[in-house]
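Student: Sending over protein-v8.cif (mmCIF, C-alpha atoms and all ligand atoms).
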data_data
#
loop_
_atom_site.label_atom_id
_atom_site.label_comp_id
_atom_site.auth_asym_id
_atom_site.auth_seq_id
_atom_site.Cartn_x
_atom_site.Cartn_y
_atom_site.Cartn_z
CA MET A 267 107.04 116.94 89.64
CA LEU A 268 107.27 120.46 91.06
CA GLU A 269 110.41 122.42 90.19
CA PRO A 270 112.55 123.36 93.22
CA ALA A 271 111.79 127.04 92.63
CA GLU A 272 108.06 126.27 92.69
CA VAL A 273 108.46 124.38 95.97
CA GLU A 274 110.22 127.39 97.48
CA ARG A 275 107.54 129.75 96.19
CA ILE A 276 104.78 127.60 97.69
CA LYS A 277 106.58 127.40 101.04
CA ALA A 278 107.04 131.15 101.12
CA LEU A 279 103.42 131.76 100.19
CA MET A 280 102.18 129.45 102.96
CA GLU A 281 104.05 131.60 105.48
CA TRP A 282 102.76 134.73 103.81
CA GLU A 283 99.16 133.48 104.05
CA ALA A 284 99.47 133.21 107.82
CA GLY A 285 100.61 136.83 108.03
CA ARG A 286 97.72 138.37 106.06
CA ASP A 287 95.26 140.57 107.88
CA ALA A 288 92.86 140.72 104.91
CA PRO A 289 92.27 138.75 101.70
CA PRO A 290 95.06 139.28 99.17
CA GLU A 291 95.01 142.52 97.22
CA GLY A 292 92.71 142.36 94.24
CA PHE A 293 91.12 139.08 95.21
CA PRO A 294 87.51 139.34 94.08
CA THR A 295 84.70 139.56 96.60
CA LEU A 296 82.76 136.34 96.18
CA PRO A 297 79.06 137.10 95.70
CA ASP A 298 76.59 134.98 97.69
CA MET A 299 75.73 131.77 95.87
CA PRO A 300 72.00 131.08 95.41
CA ALA A 301 70.71 128.51 97.89
CA ALA A 302 68.79 126.68 95.19
CA ARG A 303 72.00 125.38 93.66
CA TYR A 304 71.76 122.71 96.38
CA THR A 305 68.00 122.19 96.35
CA SER A 306 66.63 122.81 92.88
CA PRO A 307 65.62 119.80 90.76
CA GLU A 308 66.25 121.97 87.72
CA TYR A 309 69.89 122.62 88.63
CA TYR A 310 70.33 118.95 89.49
CA ALA A 311 69.05 117.97 86.03
CA LEU A 312 71.51 120.39 84.42
CA GLU A 313 74.38 118.89 86.42
CA GLN A 314 73.41 115.42 85.32
CA GLU A 315 73.10 116.36 81.68
CA HIS A 316 76.15 118.56 81.31
CA ILE A 317 78.60 117.81 84.12
CA PHE A 318 78.33 114.07 84.58
CA ARG A 319 77.84 113.38 80.86
CA LYS A 320 80.81 115.46 79.73
CA SER A 321 83.50 115.21 82.41
CA TRP A 322 86.20 112.62 82.91
CA LEU A 323 85.06 110.50 85.84
CA PHE A 324 87.01 108.14 88.07
CA ALA A 325 85.91 104.62 87.25
CA GLY A 326 88.35 102.28 88.91
CA HIS A 327 91.82 100.80 89.14
CA LEU A 328 93.49 98.37 86.78
CA ASP A 329 93.83 95.94 89.72
CA GLU A 330 90.06 95.41 89.47
CA ILE A 331 90.45 94.03 85.94
CA PRO A 332 94.08 92.92 86.04
CA GLU A 333 94.23 90.47 83.13
CA PRO A 334 93.06 90.35 79.52
CA GLY A 335 89.43 89.24 79.52
CA CYS A 336 88.64 90.73 82.94
CA TYR A 337 85.67 93.05 83.06
CA MET A 338 83.69 95.03 85.63
CA ARG A 339 80.29 96.64 85.64
CA TRP A 340 80.13 100.31 86.50
CA HIS A 341 77.06 102.45 86.99
CA ASN A 342 78.06 105.36 89.19
CA ALA A 343 77.01 107.96 86.65
CA GLY A 344 73.67 106.83 85.30
CA ASP A 345 73.94 104.60 82.23
CA PRO A 346 75.25 101.14 83.08
CA ILE A 347 78.55 100.44 81.41
CA VAL A 348 81.10 97.65 81.36
CA ILE A 349 84.84 98.25 81.53
CA VAL A 350 86.83 95.55 79.80
CA HIS A 351 90.52 94.66 79.83
CA GLY A 352 90.71 93.57 76.21
CA MET A 353 92.41 90.41 74.99
CA ASP A 354 94.75 92.84 73.19
CA GLY A 355 95.67 94.50 76.52
CA VAL A 356 93.70 97.69 75.88
CA VAL A 357 91.21 98.82 78.53
CA ARG A 358 87.91 99.94 77.00
CA ALA A 359 84.45 100.91 78.19
CA PHE A 360 81.12 100.12 76.56
CA TYR A 361 77.50 100.72 77.32
CA ASN A 362 76.37 97.46 78.92
CA THR A 363 73.52 97.25 76.46
CA CYS A 364 73.16 94.48 73.92
CA ARG A 365 72.63 95.76 70.39
CA HIS A 366 69.85 93.22 69.85
CA ARG A 367 67.05 93.92 72.31
CA GLY A 368 68.83 95.84 74.98
CA ALA A 369 69.57 93.20 77.61
CA PRO A 370 72.68 93.83 79.70
CA VAL A 371 75.58 91.97 78.12
CA VAL A 372 77.31 91.49 81.45
CA THR A 373 75.28 90.58 84.53
CA GLU A 374 77.94 90.03 87.21
CA ASP A 375 79.85 92.85 88.85
CA ARG A 376 83.16 91.26 87.84
CA GLY A 377 84.16 88.43 85.60
CA LYS A 378 86.64 87.11 83.08
CA SER A 379 85.99 85.84 79.59
CA SER A 380 87.57 86.11 76.17
CA ARG A 381 84.14 86.97 74.71
CA LEU A 382 81.18 88.90 76.12
CA MET A 383 77.95 87.03 75.54
CA CYS A 384 74.47 88.39 76.12
CA GLY A 385 72.44 85.85 78.05
CA TYR A 386 69.14 86.57 76.30
CA HIS A 387 69.86 85.23 72.77
CA ASN A 388 73.62 84.70 73.05
CA TRP A 389 74.77 87.49 70.80
CA THR A 390 78.52 87.44 71.31
CA TYR A 391 81.01 90.28 71.25
CA LYS A 392 84.80 90.37 71.26
CA THR A 393 86.48 92.29 74.07
CA ASP A 394 86.98 95.17 71.62
CA GLY A 395 83.18 95.38 71.27
CA THR A 396 82.90 93.81 67.80
CA LEU A 397 79.79 91.67 67.32
CA VAL A 398 81.04 88.26 66.22
CA GLY A 399 78.25 85.84 66.96
CA VAL A 400 74.50 85.89 66.20
CA PRO A 401 72.74 82.55 66.66
CA GLU A 402 70.39 81.56 63.85
CA ARG A 403 71.91 84.17 61.66
CA GLN A 404 69.92 82.81 58.68
CA ASP A 405 66.72 84.28 60.14
CA PHE A 406 68.06 87.84 59.86
CA PRO A 407 68.13 89.47 56.42
CA PRO A 408 71.06 88.43 54.22
CA ASP A 409 72.44 91.98 54.23
CA PHE A 410 72.23 92.28 58.04
CA ASP A 411 75.46 94.10 58.81
CA MET A 412 77.01 92.81 62.03
CA SER A 413 79.96 95.18 61.70
CA CYS A 414 77.82 98.18 62.63
CA ARG A 415 76.20 96.48 65.62
CA GLY A 416 79.14 96.27 67.97
CA LEU A 417 78.86 97.41 71.58
CA LEU A 418 78.68 101.18 71.75
CA PRO A 419 81.85 102.62 73.25
CA VAL A 420 82.22 105.06 76.11
CA ARG A 421 85.45 107.10 76.20
CA CYS A 422 87.92 105.40 78.50
CA ASP A 423 91.45 106.41 79.36
CA MET A 424 94.00 105.69 82.03
CA PHE A 425 96.18 107.91 84.14
CA GLY A 426 98.79 105.37 85.15
CA LYS A 427 96.73 102.49 86.53
CA VAL A 428 93.68 104.60 87.30
CA ILE A 429 90.77 104.26 84.89
CA PHE A 430 88.62 107.23 83.90
CA VAL A 431 85.56 107.30 81.64
CA ASN A 432 83.73 110.06 79.80
CA PHE A 433 80.34 109.78 78.10
CA ASP A 434 81.10 112.65 75.73
CA PRO A 435 82.67 111.52 72.45
CA ASP A 436 83.83 115.10 71.86
CA ALA A 437 85.47 115.64 75.25
CA PRO A 438 89.14 116.67 75.36
CA SER A 439 91.66 113.95 76.13
CA LEU A 440 92.10 112.94 79.77
CA LEU A 441 95.58 114.51 79.80
CA ASP A 442 94.21 117.81 78.51
CA TRP A 443 91.46 117.58 81.13
CA LEU A 444 94.02 117.15 83.91
CA GLY A 445 96.15 120.00 82.55
CA PRO A 446 99.00 121.00 84.89
CA ILE A 447 97.85 118.45 87.47
CA ALA A 448 99.13 115.59 85.32
CA ARG A 449 102.68 116.88 85.74
CA GLU A 450 102.24 117.60 89.44
CA TRP A 451 100.95 114.07 89.96
CA ASP A 452 104.03 112.46 88.37
CA GLU A 453 105.62 112.05 91.76
CA PHE A 454 102.71 110.05 93.17
CA ALA A 455 103.49 107.10 90.90
CA PHE A 456 99.99 106.57 89.51
CA ASP A 457 101.62 104.06 87.17
CA ARG A 458 102.74 101.86 90.09
CA ILE A 459 100.23 102.32 92.91
CA ARG A 460 97.99 99.38 93.78
CA LEU A 461 94.37 99.43 94.81
CA ALA A 462 94.26 98.72 98.54
CA ALA A 463 90.63 99.45 99.47
CA ARG A 464 87.42 100.69 97.87
CA HIS A 465 84.13 101.01 99.76
CA SER A 466 81.00 103.04 99.22
CA PHE A 467 78.46 104.61 101.56
CA GLU A 468 75.11 106.28 101.00
CA LEU A 469 74.68 109.80 102.34
CA ASN A 470 71.46 111.77 102.68
CA CYS A 471 72.55 115.07 101.21
CA ASN A 472 73.28 116.69 97.89
CA TRP A 473 76.64 115.59 96.43
CA LYS A 474 78.01 119.14 96.60
CA VAL A 475 77.18 119.42 100.29
CA ALA A 476 79.16 116.25 100.92
CA MET A 477 82.06 117.18 98.69
CA GLU A 478 82.45 120.76 99.86
CA ALA A 479 83.14 119.51 103.38
CA ASN A 480 86.45 118.45 101.85
CA MET A 481 87.19 121.58 99.86
CA GLU A 482 88.14 124.08 102.52
CA VAL A 483 90.24 124.05 105.69
CA TYR A 484 88.10 126.67 107.46
CA HIS A 485 86.21 123.83 109.21
CA VAL A 486 89.31 121.92 110.32
CA PRO A 487 89.81 123.40 113.81
CA PHE A 488 86.07 123.10 114.58
CA ILE A 489 85.05 119.76 113.07
CA HIS A 490 88.37 117.96 113.46
CA PRO A 491 89.95 119.32 116.66
CA THR A 492 91.73 116.08 117.53
CA THR A 493 92.05 114.30 114.17
CA VAL A 494 93.06 116.66 111.36
CA ALA A 495 93.79 119.88 113.24
CA PRO A 496 97.04 118.57 114.79
CA LEU A 497 98.31 117.93 111.25
CA VAL A 498 97.07 120.97 109.36
CA ASP A 499 97.83 124.59 110.13
CA SER A 500 94.77 126.10 108.48
CA LYS A 501 96.19 129.62 108.81
CA ARG A 502 99.11 128.68 106.57
CA ASN A 503 96.90 126.99 103.99
CA LEU A 504 97.51 127.93 100.36
CA ASN A 505 94.76 127.37 97.78
CA THR A 506 95.56 127.21 94.09
CA MET A 507 92.92 127.19 91.39
CA TYR A 508 93.58 125.41 88.10
CA PRO A 509 91.84 125.73 84.75
CA GLY A 510 88.73 123.57 84.45
CA GLY A 511 87.60 123.86 88.08
CA HIS A 512 90.37 121.72 89.58
CA ALA A 513 92.13 123.02 92.69
CA ARG A 514 94.78 122.24 95.29
CA MET A 515 95.17 123.05 98.97
CA ILE A 516 98.46 122.70 100.70
CA ALA A 517 99.19 123.38 104.35
CA PRO A 518 102.06 122.57 106.66
CA PRO A 519 101.52 121.05 110.10
CA PRO A 520 101.28 123.42 113.06
CA ARG A 521 104.75 124.49 114.13
CA GLN A 522 104.73 122.24 117.17
CA THR A 523 104.03 119.08 115.10
CA ASP A 524 106.57 117.17 113.10
CA ARG A 525 104.55 115.80 110.20
CA GLU A 526 106.99 113.03 109.34
CA HIS A 527 106.94 111.89 112.94
CA VAL A 528 103.14 111.71 112.91
CA ARG A 529 103.15 109.82 109.62
CA ALA A 530 105.62 107.31 110.96
CA ILE A 531 103.22 106.54 113.81
CA ASP A 532 100.22 106.30 111.44
CA SER A 533 101.85 104.14 108.90
CA PRO A 534 103.44 100.82 109.71
CA PRO A 535 106.84 100.36 108.09
CA GLU A 536 105.61 97.59 105.79
CA TRP A 537 103.54 100.22 103.94
CA GLN A 538 106.08 101.14 101.39
CA GLN A 539 106.50 104.85 100.83
CA ILE A 540 106.16 106.34 97.37
CA GLU A 541 109.81 107.25 97.17
CA THR A 542 109.41 109.78 94.37
CA VAL A 543 107.18 112.06 96.44
CA GLY A 544 108.85 115.41 97.03
CA GLU A 545 109.30 117.61 100.05
CA LEU A 546 105.79 119.11 100.10
CA GLY A 547 104.05 115.76 99.77
CA ARG A 548 106.12 114.48 102.68
CA SER A 549 105.94 117.44 105.00
CA CYS A 550 102.56 119.04 104.30
CA THR A 551 98.96 118.04 103.85
CA GLN A 552 97.87 118.60 100.30
CA SER A 553 94.60 117.81 98.67
CA TYR A 554 93.46 118.08 95.08
CA THR A 555 89.95 118.57 93.81
CA LEU A 556 89.66 117.06 90.39
CA PHE A 557 86.54 118.44 88.75
CA PRO A 558 83.83 117.37 89.09
CA ASN A 559 83.72 114.89 91.97
CA TRP A 560 87.13 113.66 93.15
CA VAL A 561 88.94 115.01 96.21
CA SER A 562 92.21 113.41 97.21
CA PRO A 563 94.84 114.21 99.77
CA LEU A 564 98.09 112.91 98.31
CA SER A 565 101.14 111.98 100.33
CA ASN A 566 104.18 109.76 100.28
CA TYR A 567 102.01 106.96 101.71
CA PHE A 568 98.68 107.13 99.90
CA VAL A 569 96.63 108.19 96.93
CA PRO A 570 93.24 108.02 98.65
CA PRO A 571 90.49 109.72 96.63
CA LEU A 572 87.03 110.43 97.99
CA VAL A 573 84.59 110.35 95.10
CA PHE A 574 81.08 111.84 95.31
CA TRP A 575 78.31 110.44 93.09
CA PRO A 576 74.92 112.10 93.00
CA THR A 577 72.22 109.42 93.25
CA SER A 578 69.38 111.96 93.49
CA LEU A 579 69.02 115.63 94.36
CA THR A 580 69.29 114.80 98.06
CA THR A 581 71.38 111.62 98.13
CA THR A 582 74.99 110.83 97.39
CA ARG A 583 77.11 107.73 97.07
CA LEU A 584 80.49 108.39 98.67
CA GLU A 585 83.30 106.15 97.51
CA LEU A 586 86.30 105.90 99.79
CA VAL A 587 89.32 104.59 97.92
CA THR A 588 92.83 103.88 99.11
CA MET A 589 95.68 103.34 96.70
CA ALA A 590 99.20 102.77 97.93
CA LEU A 591 102.48 101.56 96.56
CA ASP A 592 102.88 98.28 98.41
CA TRP A 593 102.24 96.74 101.81
CA GLY A 594 104.22 93.54 101.87
CA ASP A 595 102.39 90.57 103.33
CA GLY A 596 100.39 92.66 105.81
CA PRO A 597 96.76 93.66 105.46
CA ALA A 598 96.04 96.19 102.73
CA PRO A 599 96.04 99.74 104.08
CA ASP A 600 92.71 101.51 104.20
CA LEU A 601 92.93 105.16 105.06
CA TRP A 602 89.23 105.92 105.25
CA THR A 603 87.33 103.00 106.69
CA VAL A 604 87.48 100.74 109.71
CA PRO A 605 86.07 97.23 110.28
CA GLU A 606 82.47 97.17 111.46
CA ASP A 607 80.41 93.97 111.54
CA SER A 608 77.03 95.64 111.38
CA GLN A 609 77.74 97.57 108.18
CA PRO A 610 76.54 96.14 104.85
CA ASN A 611 80.04 95.96 103.42
CA GLY A 612 81.69 95.11 106.72
CA ARG A 613 83.29 98.54 106.99
CA GLN A 614 82.42 101.80 108.68
CA MET A 615 83.72 105.24 107.74
CA SER A 616 86.80 106.30 109.69
CA PRO A 617 86.52 108.92 112.45
CA ILE A 618 87.72 111.71 110.13
CA ILE A 619 85.11 110.90 107.49
CA LEU A 620 82.41 110.55 110.13
CA GLU A 621 83.33 114.03 111.32
CA ASP A 622 83.10 115.39 107.78
CA THR A 623 79.80 113.71 106.95
CA GLN A 624 78.04 114.07 110.31
CA PHE A 625 76.08 117.19 109.38
CA GLY A 626 75.23 116.33 105.77
CA GLU A 627 71.67 115.15 106.27
CA ALA A 628 70.80 117.93 108.71
CA ILE A 629 72.40 120.52 106.42
CA GLN A 630 70.35 119.27 103.49
CA GLN A 631 67.11 119.49 105.48
CA SER A 632 68.00 122.90 106.76
CA MET A 633 68.95 124.05 103.27
CA GLN A 634 65.49 123.11 102.07
CA SER A 635 63.90 125.41 104.66
CA ALA A 636 62.77 128.95 103.88
CA ALA A 637 65.61 130.30 106.01
CA PHE A 638 68.36 129.21 103.67
CA ARG A 639 68.74 132.08 101.23
CA SER A 640 72.30 132.16 99.96
CA VAL A 641 75.87 131.15 100.69
CA PRO A 642 78.57 133.72 101.47
CA LEU A 643 82.06 132.29 101.02
CA SER A 644 85.33 133.58 102.39
CA TYR A 645 88.67 133.82 100.61
CA GLN A 646 89.64 130.61 102.42
CA GLU A 647 86.65 128.88 100.79
CA ALA A 648 87.42 130.11 97.28
CA ARG A 649 88.01 126.59 95.99
CA ILE A 650 84.29 125.99 96.44
CA TYR A 651 83.37 129.14 94.54
CA SER A 652 85.76 128.30 91.74
CA PHE A 653 84.26 124.79 91.55
CA HIS A 654 80.77 126.32 91.22
CA GLN A 655 82.01 128.63 88.49
CA ALA A 656 83.26 125.57 86.62
CA CYS A 657 79.88 123.84 87.13
CA ASP A 658 78.08 126.73 85.45
CA ARG A 659 80.63 126.88 82.64
CA MET A 660 80.31 123.13 82.06
CA ILE A 661 76.50 123.44 81.96
CA GLY A 662 76.83 126.47 79.69
CA ILE A 663 76.26 129.76 81.46
CA ASP A 664 73.27 130.63 79.28
CA ASN A 665 71.66 127.30 80.13
CA VAL A 666 71.66 128.13 83.84
CA PRO A 667 68.52 130.05 84.84
CA GLU A 668 69.55 133.49 86.03
CA GLU A 669 68.30 132.96 89.57
CA LEU A 670 70.55 129.88 89.91
CA ARG A 671 73.64 131.25 88.19
CA ILE A 672 76.73 132.59 89.91
CA GLU A 673 78.90 135.38 88.62
CA GLN A 674 82.25 134.33 87.18
CA VAL A 675 84.22 136.68 89.41
CA ILE A 676 87.38 134.58 89.79
CA GLY A 677 89.10 135.48 86.57
CA GLU A 678 92.04 133.86 84.82
CA ASP A 679 94.35 136.23 86.64
CA TRP A 680 93.73 134.10 89.76
CA VAL A 681 93.98 130.77 87.99
CA TRP A 682 97.19 128.76 87.51
CA PRO A 683 99.79 129.66 86.30
CA ASN A 684 98.88 133.17 87.40
CA ASP A 685 99.13 134.05 91.06
CA PRO A 686 99.02 137.72 92.05
CA ARG A 687 99.89 136.72 95.62
CA THR A 688 103.50 136.06 94.61
CA ARG A 689 103.98 139.64 93.45
CA GLN A 690 102.24 141.01 96.52
CA MET A 691 104.45 138.93 98.78
CA LEU A 692 107.65 140.05 97.02
CA GLU A 693 106.60 143.70 97.09
CA GLU A 694 105.88 143.49 100.80
CA ARG A 695 109.28 141.90 101.37
CA GLN A 696 111.02 144.64 99.43
CA ALA A 697 109.12 147.33 101.31
CA ALA A 698 110.16 145.73 104.60
CA GLU A 699 113.84 145.65 103.67
S1 LIG B 701 69.07 91.03 73.79
FE1 LIG B 701 71.09 90.36 73.71
S2 LIG B 701 71.03 88.67 72.42
FE2 LIG B 701 69.01 89.37 72.41
FE FE B 702 87.19 117.72 106.93
#
Output the file's structure in the form of structure tokens.
Tutor:
Amino acid sequence: MLEPAEVERIKALMEWEAGRDAPPEGFPTLPDMPAARYTSPEYYALEQEHIFRKSWLFAGHLDEIPEPGCYMRWHNAGDPIVIVHGMDGVVRAFYNTCRHRGAPVVTEDRGKSSRLMCGYHNWTYKTDGTLVGVPERQDFPPDFDMSCRGLLPVRCDMFGKVIFVNFDPDAPSLLDWLGPIAREWDEFAFDRIRLAARHSFELNCNWKVAMEANMEVYHVPFIHPTTVAPLVDSKRNLNTMYPGGHARMIAPPPRQTDREHVRAIDSPPEWQQIETVGELGRSCTQSYTLFPNWVSPLSNYFVPPLVFWPTSLTTTRLELVTMALDWGDGPAPDLWTVPEDSQPNGRQMSPIILEDTQFGEAIQQSMQSAAFRSVPLSYQEARIYSFHQACDRMIGIDNVPEELRIEQVIGEDWVWPNDPRTRQMLEERQAAE
């Protein structure tokens, strides 16, 4: 929950942003980013090894495994795993790899069982991973220790009803990973929201190309003239960078638009509002990047993350998820997709997402040409630069070849809770008085 004083500060800063005639005082010049960060197999391998193996990753919603014994397969980040709602009520994740000869223990995408049994030789595990059954046990040595042959765990934690996993046993806790965002997200009722829709689409571009289309508002008037632009005054956008590469944008609607009025048209009354959402979530567009691959605009109607999974250097799986509080007896709300018979999963991306993804494949091809040298980013695109800084830090700066590395120019002085813009704004006010 944001304190009232913080809400006022943000509102004032949004107005102040629109009045700037240059980047804020002292904001670092962002050096060009090397082109090869999007095209180099070497950088891709580093991302896989260090970012996707060590970060907390969105895995799903408790509604997908609602009861004890329910399980789901998950393989969005390489190694196949299974997420299990234990008979004891605890949600856990395991590598979906039998400790006997490596067969997958679970072979359906979803299921329910009080035991997990590998189909190859029927080794059987409890939902907490313990190995409890080995047929023809007498043929293994007498001292064969079943207790050390349980399913191997993957870190798994929940933020409300949303399930995250992390392959790194030494990673910080999920709450530490979220940092200040955990408190800011209180109002969005992650502990009560239901899963309304989840669909995935394959894109022909690097995952960062796809994701960065959702990490700046610079493109909004040009790519989204009739869809997003009427709701977002990009001039009054305020970016905030958080520790760990997370970030937030928040922008009010253009002065001539009443955001609540627009929302009321968008959102049938049976879609229950998240009543705890505060003034900014109701009146503005805000979107959070959660490092490494989640971008979600949050409002009083929806928690609808877009999640970007690299499937190769030049391909991405985009997951479009809608979570909402409740929708009565009506159809479940889906913010991002529309019905489409000819699509494999019966859905097509919504017009806004089609606008955002339309150039991905062509950008990727163009980026692989000799003409693509480097990327200059503006102050308005600083969330992208800060995200890249976090990528290099996660990889380990010394592990990134020099020609691929970016300089860490956005220092802690520009990262939450620090914000030199507040002082600049107050000084300008005083000078004007
Ligand atoms: S591989 Fe699983 S029981 Fe043999
Ligand atoms: Fe967009």
Student: Neighbouring residues of ligand LIG 701 (chain B) are defined here as those with any atom at most 6 Å from a ligand atom, counting only C-alpha atoms and all ligand atoms; list them as a tab-separated table (two decimals) with C-alpha atoms, keeping the file's coordinate frame.
Tutor:
chain	number	residue	atom	x	y	z
A	364	CYS	CA	73.16	94.48	73.92
A	366	HIS	CA	69.85	93.22	69.85
A	367	ARG	CA	67.05	93.92	72.31
A	368	GLY	CA	68.83	95.84	74.98
A	369	ALA	CA	69.57	93.20	77.61
A	384	CYS	CA	74.47	88.39	76.12
A	386	TYR	CA	69.14	86.57	76.30
A	387	HIS	CA	69.86	85.23	72.77
A	388	ASN	CA	73.62	84.70	73.05
A	389	TRP	CA	74.77	87.49	70.80
Student: As a quick test: using all atoms listed in the file, which residues lie no more than 12 Å away from ligand FE 702 (chain B)? Give them as a ChimeraX atom specification.
Tutor: /A:476-495,497-498,500,553,561-563,572,616-625
Student: Write a file of the selected residues as a tab-separated table (two decimals), in the frame of the given file, keeping C-alpha atoms.
Tutor:
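Final output, saved to result-v3.tsv:
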chain	number	residue	atom	x	y	z
A	476	ALA	CA	79.16	116.25	100.92
A	477	MET	CA	82.06	117.18	98.69
A	478	GLU	CA	82.45	120.76	99.86
A	479	ALA	CA	83.14	119.51	103.38
A	480	ASN	CA	86.45	118.45	101.85
A	481	MET	CA	87.19	121.58	99.86
A	482	GLU	CA	88.14	124.08	102.52
A	483	VAL	CA	90.24	124.05	105.69
A	484	TYR	CA	88.10	126.67	107.46
A	485	HIS	CA	86.21	123.83	109.21
A	486	VAL	CA	89.31	121.92	110.32
A	487	PRO	CA	89.81	123.40	113.81
A	488	PHE	CA	86.07	123.10	114.58
A	489	ILE	CA	85.05	119.76	113.07
A	490	HIS	CA	88.37	117.96	113.46
A	491	PRO	CA	89.95	119.32	116.66
A	492	THR	CA	91.73	116.08	117.53
A	493	THR	CA	92.05	114.30	114.17
A	494	VAL	CA	93.06	116.66	111.36
A	495	ALA	CA	93.79	119.88	113.24
A	497	LEU	CA	98.31	117.93	111.25
A	498	VAL	CA	97.07	120.97	109.36
A	500	SER	CA	94.77	126.10	108.48
A	553	SER	CA	94.60	117.81	98.67
A	561	VAL	CA	88.94	115.01	96.21
A	562	SER	CA	92.21	113.41	97.21
A	563	PRO	CA	94.84	114.21	99.77
A	572	LEU	CA	87.03	110.43	97.99
A	616	SER	CA	86.80	106.30	109.69
A	617	PRO	CA	86.52	108.92	112.45
A	618	ILE	CA	87.72	111.71	110.13
A	619	ILE	CA	85.11	110.90	107.49
A	620	LEU	CA	82.41	110.55	110.13
A	621	GLU	CA	83.33	114.03	111.32
A	622	ASP	CA	83.10	115.39	107.78
A	623	THR	CA	79.80	113.71	106.95
A	624	GLN	CA	78.04	114.07	110.31
A	625	PHE	CA	76.08	117.19	109.38
Student: Taking into account all atoms listed in the file, which residue in the set A:Arg421, A:Arg403, A:Arg460, A:Arg376 is nearest to Leu328 of chain A?
Tutor: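 Once distances to Leu328 of chain A are computed over all atoms listed in the file, the minimum belongs to A:Arg460.
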Student: Report, in Å with one decimal, the straight-line distance from atom CA of Val420 of chain A to atom CA of Gly395 of chain A.
Tutor: 10.9 Å
Student: Work out how far apart atom CA of Asn684 of chain A and atom CA of Ala698 of chain A are and give it in Å to one decimal.
Tutor: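 Atom CA of Ala698 of chain A lies 24.1 Å from atom CA of Asn684 of chain A.
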Student: Quick one: pull the distance between atom CA of Leu579 of chain A and atom CA of Pro370 of chain A, Å, one decimal.
Tutor: 26.5 Å
Student: In terms of the shortest atom-to-atom distance over all atoms listed in the file, which of A:Ala462, A:Ala513, A:Val569, A:Met633 is closest to Ala656 of chain A?
Tutor: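 Residue with the minimum atom-to-atom distance to Ala656 of chain A: A:Ala513.
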Student: So which residues touch Arg687 of chain A within 8 Å, counting all atoms listed in the file, skipping near sequence neighbours fewer than 5 positions away, as a PyMOL selection string?
Tutor: chain A and resi 279+290-291
Student: Which is closer to Gly596 of chain A than all the others in A:Trp537, A:Phe574, A:Phe360, A:Trp680, using only C-alpha atoms?
Tutor: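 Distance minimum relative to Gly596 of chain A lands on A:Trp537.
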Student: For Cys550 of chain A, work out the shell of residues within 10 Å, counting only C-alpha atoms and skipping chain neighbours fewer than 2 positions away, then give it as number ranges by chain.
Tutor: A: 277, 497-499, 503, 515-520, 524-526, 545-548, 552-553, 564-565
Student: Would you list the contacts of Ser652 of chain A as an MDAnalysis selection string, taking every protein, DNA or RNA residue within 9 Å and counting all atoms listed in the file, but skipping same-chain residues closer than 6 positions in sequence?
Tutor: chainID A and resid 507 511:513 674:676
Student: Would you kindly identify which residues have an atom no farther than 10 Å from (76.0, 100.1, 68.2), using all atoms listed in the file and the file's own coordinates, and write them out as a list in words?
Tutor: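 Output: Phe360, Tyr361, Thr363, Cys364, Arg365, His366, Gly395, Thr396, Leu397, Met412, Ser413, Cys414, Arg415, Gly416, Leu417, Leu418 and Pro419 of chain A.
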Student: Because the input lacks atoms here, generate N, CA, C and O atoms for segment 310-316 of chain A and report them as an mmCIF file, in the frame of the given file.
Tutor:
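As a result, rebuild.cif now contains:
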data_model
loop_
_atom_site.group_PDB
_atom_site.id
_atom_site.type_symbol
_atom_site.label_atom_id
_atom_site.label_comp_id
_atom_site.auth_asym_id
_atom_site.auth_seq_id
_atom_site.Cartn_x
_atom_site.Cartn_y
_atom_site.Cartn_z
ATOM 1 N N TYR A 310 69.853 120.341 89.430
ATOM 2 C CA TYR A 310 70.330 118.950 89.490
ATOM 3 C C TYR A 310 70.282 118.302 88.093
ATOM 4 O O TYR A 310 71.228 117.629 87.672
ATOM 5 N N ALA A 311 69.179 118.548 87.374
ATOM 6 C CA ALA A 311 69.050 117.970 86.030
ATOM 7 C C ALA A 311 70.142 118.517 85.101
ATOM 8 O O ALA A 311 70.704 117.784 84.280
ATOM 9 N N LEU A 312 70.443 119.797 85.247
ATOM 10 C CA LEU A 312 71.510 120.390 84.420
ATOM 11 C C LEU A 312 72.863 119.764 84.743
ATOM 12 O O LEU A 312 73.665 119.499 83.844
ATOM 13 N N GLU A 313 73.116 119.547 86.033
ATOM 14 C CA GLU A 313 74.380 118.890 86.420
ATOM 15 C C GLU A 313 74.491 117.518 85.781
ATOM 16 O O GLU A 313 75.525 117.129 85.247
ATOM 17 N N GLN A 314 73.390 116.770 85.867
ATOM 18 C CA GLN A 314 73.410 115.420 85.320
ATOM 19 C C GLN A 314 73.704 115.452 83.817
ATOM 20 O O GLN A 314 74.539 114.710 83.321
ATOM 21 N N GLU A 315 73.001 116.337 83.138
ATOM 22 C CA GLU A 315 73.100 116.360 81.680
ATOM 23 C C GLU A 315 74.462 116.869 81.204
ATOM 24 O O GLU A 315 75.038 116.338 80.257
ATOM 25 N N HIS A 316 74.967 117.900 81.863
ATOM 26 C CA HIS A 316 76.150 118.560 81.310
ATOM 27 C C HIS A 316 77.440 118.244 82.064
ATOM 28 O O HIS A 316 78.508 118.217 81.463
#
